[in-house]
Amino acid sequence: MATVAEQWVLVEMVQALYEAPAYHLILEGILILWIIRLLFSKTYKLQERSDLTVKEKEELIEEWQPEPLVPPVSKDHPALNYNIVSGPPSHNIVVNGKECINFASFNFLGLLDNPRLKAAALASLKKYGVGTCGPRGFYGTFDVHLDLEDRLAKFMKTEEAIIYSYGFATIASAIPAYSKRGDIVFVDKAACFAIQKGLQASRSDIKLFNHNDMDDLERLLKEQEIEDQKNPRKARVTRRFIVVEGLYMNTGTICPLPELVKLKYKYKARIFLEESLSFGVLGEHGRGVTEHFGIDIDDIDLISANMENSLASIGGFCCGRSFVIDHQRLSGQGYCFSASLPPLLAAAAIEALNIMEENPGIFAVLKEKCKRIHKALQGISGLKVVGESISPAFHLQLEESTGCRERDVKLLQEIVTQCMDRGIALTQARYLEKEEKYLPPPSIRVVVTVEQTEEELEKAATTISKVAQTVLL
């Protein structure tokens, strides 16, 4: 009985072969031949070579030189010869043992050494300890963090705010939280390094427009609109972002926000506004460039800023609509994976906000001092002032470059050094030269604060002018 069944199965198999399509049989035949070839072929061939003697091996080892792990760096590189500060970098600063008037630290509102901030930080230190030892999602959320987020949202008149423990990571985390591969980001060529790193992490399609050139931006937006018409299906799922700074770190200029908002609605894009310099500086109440221009804050999709300048603390924040901010709690890398902001710094930031709200006139005072020194520095032979007259951080660049960046840097550094010897602390703007998308020219950065008196502003302008004449002429 079994034999008959086996014969019947064999007959069915043969019949199936006859009924199978020709391409099916050819494909199976090729696969069978390929399997046979793999089974009987050698996996590799032994290369004929002559064995080296022990002496020859030792000679080769002695001759071999590994490539350096990092490129060689000169010992006189500025990054390896930093200035040492003793005491708080407030109005008067002690640098390398010399007491100077501070025109280098971003302590715009003079809150760094404020007794109220120190008292708030000390009380928080006694209550919570030093750090948090955990991200926000893993027992790193303290009540003081929620208080600070609530205060920031109310101060900026937005629905919600989120805080980060590191200022640089704020915008660098926010951009890739929303913009992904395939999305398009239009960004100003003068964007700071933190924005550049955020764009790099997003892997989006980056389109750079000339600094504050709205015609160039509109040209890129029109070109993209034409491309979208060719492939409407792809265009429907492609997000478009415009990323700018309120007050540019590298140029000291203010973005033309009203024109940007018009382009946003005309070409259906989203605006990300980085306000690390403009927050606590621009606007009647220090709310930044939106208040400066009278723009409805809801017209901006996301605002980010650090708390390391005007608030004299550490970290950063983003604010906007609730559904936008909540997304960062799930996707912001700096928020999800870094230990949360130490409570003492959060408490200090809250107290700084209290002072800003109690003394709105402080912003007008800062603006007037910026205008005063900006005017006093005009006309210095060999140097030009770069930046807005109301910017508390602006640049002094050489009127004419020597043609060599290294020589330009040395000339400017000599001016900084001689000014420090005369009691004025300045600093050169520093960049990672090999990583910057568009490397700014060498410059001296001048920072204005509300603590500097009229006499000190005049002294700084006079000192810079005399030193520049000595070094450059």
# chains A, B, ... in the order shown; residues from 1 in each chain; ligands from 1
call {"tool": "residues_around", "arguments": {"residues": "Ile271 (chain A)", "least_positions_apart": "5", "cutoff": "12 Å", "atoms": "only C-alpha atoms", "output": "ChimeraX atom specification"}}
result
/A:175,178-179,185-187,239-246,257-265,297-304,320
call {"tool": "closest_residue", "arguments": {"among": "A:Ser41, A:Thr402, A:Ser338, A:Gln200", "to": "Tyr166 (chain A)", "atoms": "only C-alpha atoms"}}
result
A:Ser338
call {"tool": "select_by_dssp", "arguments": {"residues": "region 234-448 of chain A", "states": "strand (DSSP E or B)", "output": "number ranges by chain"}}
result
A: 240-245, 247, 254, 270-274, 302-306, 316-320, 383-386, 393-398, 424-425, 427-428, 444-447
call {"tool": "select_by_dssp", "arguments": {"residues": "region 283-320 of chain A", "states": "alpha helix (DSSP H)", "output": "PDB file with N, CA, C and O atoms, in the first residue's frame"}}
result
ATOM      1  N   VAL A 289      13.336  90.038  20.481  1.00  0.00           N
ATOM      2  CA  VAL A 289      13.129  90.714  19.198  1.00  0.00           C
ATOM      3  C   VAL A 289      11.657  90.794  18.806  1.00  0.00           C
ATOM      4  O   VAL A 289      11.257  91.692  18.065  1.00  0.00           O
ATOM      5  N   THR A 290      10.829  89.873  19.300  1.00  0.00           N
ATOM      6  CA  THR A 290       9.398  89.969  19.006  1.00  0.00           C
ATOM      7  C   THR A 290       8.810  91.234  19.634  1.00  0.00           C
ATOM      8  O   THR A 290       8.059  91.968  19.001  1.00  0.00           O
ATOM      9  N   GLU A 291       9.183  91.513  20.876  1.00  0.00           N
ATOM     10  CA  GLU A 291       8.715  92.728  21.539  1.00  0.00           C
ATOM     11  C   GLU A 291       9.349  93.963  20.902  1.00  0.00           C
ATOM     12  O   GLU A 291       8.709  95.013  20.775  1.00  0.00           O
ATOM     13  N   HIS A 292      10.590  93.858  20.487  1.00  0.00           N
ATOM     14  CA  HIS A 292      11.302  94.972  19.850  1.00  0.00           C
ATOM     15  C   HIS A 292      10.561  95.450  18.604  1.00  0.00           C
ATOM     16  O   HIS A 292      10.438  96.657  18.356  1.00  0.00           O
ATOM     17  N   PHE A 293      10.052  94.506  17.795  1.00  0.00           N
ATOM     18  CA  PHE A 293       9.348  94.852  16.557  1.00  0.00           C
ATOM     19  C   PHE A 293       7.821  94.890  16.725  1.00  0.00           C
ATOM     20  O   PHE A 293       7.113  95.231  15.775  1.00  0.00           O
TER      21      PHE A 293
END
call {"tool": "atom_distance", "arguments": {"atom1": "CA of Val130 (chain A)", "atom2": "CA of Ala169 (chain A)"}}
result
20.9 Å
call {"tool": "closest_atom_pairs", "arguments": {"of": "region 125-213 of chain A", "to": "region 438-456 of chain A", "cutoff": "9 Å", "atoms": "only C-alpha atoms", "output": "JSON lines"}}
result
{"residue": "A:Lys189", "atom": "CA", "partner": "A:Tyr438", "partner_atom": "CA", "distance": 6.6}
{"residue": "A:Ala190", "atom": "CA", "partner": "A:Tyr438", "partner_atom": "CA", "distance": 7.1}
{"residue": "A:Ala191", "atom": "CA", "partner": "A:Tyr438", "partner_atom": "CA", "distance": 8.9}
call {"tool": "write_last_selection", "arguments": {"atoms": "N, CA, C and O atoms", "output": "PDB file, in the first residue's frame"}}
result
ATOM      1  N   LYS A 189      23.341  82.618   6.711  1.00  0.00           N
ATOM      2  CA  LYS A 189      24.746  82.202   6.655  1.00  0.00           C
ATOM      3  C   LYS A 189      25.523  82.588   7.907  1.00  0.00           C
ATOM      4  O   LYS A 189      26.548  81.989   8.213  1.00  0.00           O
ATOM      5  N   ALA A 190      25.031  83.592   8.645  1.00  0.00           N
ATOM      6  CA  ALA A 190      25.738  84.044   9.848  1.00  0.00           C
ATOM      7  C   ALA A 190      25.283  83.311  11.101  1.00  0.00           C
ATOM      8  O   ALA A 190      25.639  83.715  12.210  1.00  0.00           O
ATOM      9  N   ALA A 191      24.523  82.235  10.953  1.00  0.00           N
ATOM     10  CA  ALA A 191      23.995  81.505  12.114  1.00  0.00           C
ATOM     11  C   ALA A 191      25.128  81.003  13.000  1.00  0.00           C
ATOM     12  O   ALA A 191      26.191  80.594  12.518  1.00  0.00           O
TER      13      ALA A 191
END
call {"tool": "atom_distance", "arguments": {"atom1": "CA of Lys118 (chain A)", "atom2": "CA of Ile350 (chain A)"}}
result
11.7 Å
call {"tool": "residues_around", "arguments": {"residues": "region 73-85 of chain A", "least_positions_apart": "2", "cutoff": "7 Å", "atoms": "only C-alpha atoms", "output": "compact mmCIF listing (two decimals) with all heavy atoms, in the first residue's frame"}}
result
# COMPACT_ATOMS: atom_id res chain seq x y z
N PRO A 71 45.55 66.27 14.55
CA PRO A 71 46.56 67.09 13.87
C PRO A 71 47.39 67.87 14.88
O PRO A 71 46.91 68.22 15.96
CB PRO A 71 45.71 68.04 13.00
CG PRO A 71 44.36 68.03 13.61
CD PRO A 71 44.18 66.68 14.21
N GLY A 87 37.89 85.08 41.05
CA GLY A 87 36.70 85.77 41.55
C GLY A 87 35.63 85.85 40.49
O GLY A 87 35.81 85.39 39.36
N VAL A 94 39.29 90.11 37.77
CA VAL A 94 40.72 89.90 37.95
C VAL A 94 41.15 88.79 36.99
O VAL A 94 40.76 87.64 37.13
CB VAL A 94 41.05 89.51 39.40
CG1 VAL A 94 42.56 89.27 39.55
CG2 VAL A 94 40.59 90.59 40.38
N VAL A 95 41.95 89.17 35.97
CA VAL A 95 42.41 88.24 34.94
C VAL A 95 43.93 88.14 35.00
O VAL A 95 44.63 89.16 34.89
CB VAL A 95 41.99 88.72 33.53
CG1 VAL A 95 42.32 87.65 32.49
CG2 VAL A 95 40.52 89.06 33.49
N ASN A 96 44.42 86.94 35.19
CA ASN A 96 45.87 86.71 35.29
C ASN A 96 46.51 87.63 36.33
O ASN A 96 47.61 88.15 36.15
CB ASN A 96 46.55 86.91 33.92
CG ASN A 96 46.00 85.97 32.87
OD1 ASN A 96 45.56 84.87 33.17
ND2 ASN A 96 46.02 86.41 31.62
call {"tool": "closest_residue", "arguments": {"among": "A:Leu221, A:Leu69, A:Ala348, A:Cys100", "to": "Asn114 (chain A)", "atoms": "only C-alpha atoms"}}
result
A:Ala348
call {"tool": "atom_distance", "arguments": {"atom1": "CA of Ser86 (chain A)", "atom2": "CA of Leu345 (chain A)"}}
result
20.8 Å
call {"tool": "residues_around", "arguments": {"residues": "Phe103 (chain A)", "least_positions_apart": "6", "cutoff": "12 Å", "atoms": "only C-alpha atoms", "output": "JSON, numbers by chain"}}
result
{"A": [89, 90, 91, 92, 93, 110, 370, 373, 392, 393, 394, 395, 416, 419, 420, 423, 424, 425, 426, 427, 428, 444, 445, 446, 447, 448, 449, 450, 451, 452, 453, 456, 457, 459, 460, 461, 464]}
call {"tool": "closest_residue", "arguments": {"among": "A:Leu282, A:Val409, A:Ile362, A:Leu109", "to": "Thr253 (chain A)", "atoms": "only C-alpha atoms"}}
result
A:Leu282
